[in-house]
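Engineer: Submitted below is the structure of interest, expressed as structure tokens.
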Amino acid sequence: MTETITKTKNQTKTKLVIDVAIFIAFLIAMDPRSSGIAVHEWLATAALGAIVVHLLLSWDWIIQTSRRIIGKMNNQARINYVLNWAMFFDVTILMLSGFVISKAVMPALGIALPQNFAWRPLHDLSANLFLVLLGLHTALHWSWVVDTCKRYIFQPIVRLFTAKSRKDIPA
Amino acid sequence: MKTFGRVLVIVIAFAILMGVTYSVVSASGSSNTAPVFQRDGRDGFAPNDGQREFGGREREGGAGGFGMLFGLLKNTIIVAVITALIVLPKNFFQQKRRAVPVKIN
């Protein structure tokens, strides 16, 4: 029982760290004019790995919701499920179009892909759509974000300061 | 082993979707030798190598620390506004629902 609770706590912490990392990486990668093309492309490629880990950590939820989606289900969970699939489709198109028009990652790997008119607008469109979907995704998980940040970031900081101030008071 | 299987499922799903998208876009688009229209008026047409990046500004190089901060801030604000547009009304209606006294017969 205690082992399960510790495992869940560790998973939540890992999830928080990975989600924050993906969020920051995406925000930096979304502005290649300021970060530079190499940073943009390598960061996005690394974020793909982080997205796989994010999906692995949410695996149980994905399986459970996929089984229940046809039957009786909370509306918010259903919207969340559809939104997550939309994000998956969008991020796949975003990554693929990014790889095709790549100027740093693909040449570094020695891969040359045939160019096409459609990839650039597709990349821009999917990137803009992903920003909107990311906002919606964050909104739907806002209570989780607030609770987890309180539990693993703010409360430990407050505890640290209160413990310090208690130590400072002379007996 | 279980994790490896799950990773494989995710990677296969990514690969299938990428394959379908790639074939659809390749089938509907034109070849790489087609010219790209330039709107700045310098050249009527230019080959793909001269294609402008991100609305006319070069992607390589970057605008330095301040530019990076500005880009980061801009995207954060967009996400924050979308999140606020959903979360604030939702919280408002939830509080309103809680505040309404329930009549029990």
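Chain identifiers are assigned as A, B, and so on, following the order in which chains appear in the structure tokens; residues are numbered from 1 within each chain, and ligands are numbered from 1 in order of appearance.
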Could you give me, as a ChimeraX atom specification, the residues within 10 Å of B:Leu85, counting only C-alpha atoms and dropping anything in the same chain fewer than 6 positions from it?
Structural biologist: /A:135-136,139 /B:79
Engineer: Those residues with C-alpha atoms, as a PDB file, in the first residue's frame please?
Structural biologist:
ATOM      1  CA  GLY A 135      -3.747  26.412 -24.006  1.00  0.00           C
ATOM      2  CA  LEU A 136      -6.895  24.252 -23.989  1.00  0.00           C
ATOM      3  CA  ALA A 139      -6.996  24.775 -19.057  1.00  0.00           C
TER       4      ALA A 139
ATOM      5  CA  VAL B  79      -1.351  30.155 -23.755  1.00  0.00           C
TER       6      VAL B  79
END
Engineer: Should the cut-off be 6 Å, what would the residue list for chain A against chain B look like, counting only C-alpha atoms, as a ChimeraX atom specification?
Structural biologist: /A:27-28,31,33-37,115-116,135,139
Engineer: Those same residues, written as a PDB file, in the first residue's frame with C-alpha atoms?
Structural biologist:
ATOM      1  CA  LEU A  27       7.614  27.991 -25.924  1.00  0.00           C
ATOM      2  CA  ILE A  28      11.283  28.440 -26.880  1.00  0.00           C
ATOM      3  CA  ASP A  31       9.981  31.322 -31.803  1.00  0.00           C
ATOM      4  CA  ARG A  33      13.552  33.810 -35.151  1.00  0.00           C
ATOM      5  CA  SER A  34      14.920  34.548 -31.701  1.00  0.00           C
ATOM      6  CA  SER A  35      16.263  31.145 -30.690  1.00  0.00           C
ATOM      7  CA  GLY A  36      17.878  30.293 -34.028  1.00  0.00           C
ATOM      8  CA  ILE A  37      17.145  27.419 -36.378  1.00  0.00           C
ATOM      9  CA  GLN A 115      10.739  19.580 -50.721  1.00  0.00           C
ATOM     10  CA  ASN A 116       7.189  20.545 -51.514  1.00  0.00           C
ATOM     11  CA  GLY A 135      -3.747  26.412 -24.006  1.00  0.00           C
ATOM     12  CA  ALA A 139      -6.996  24.775 -19.057  1.00  0.00           C
TER      13      ALA A 139
END
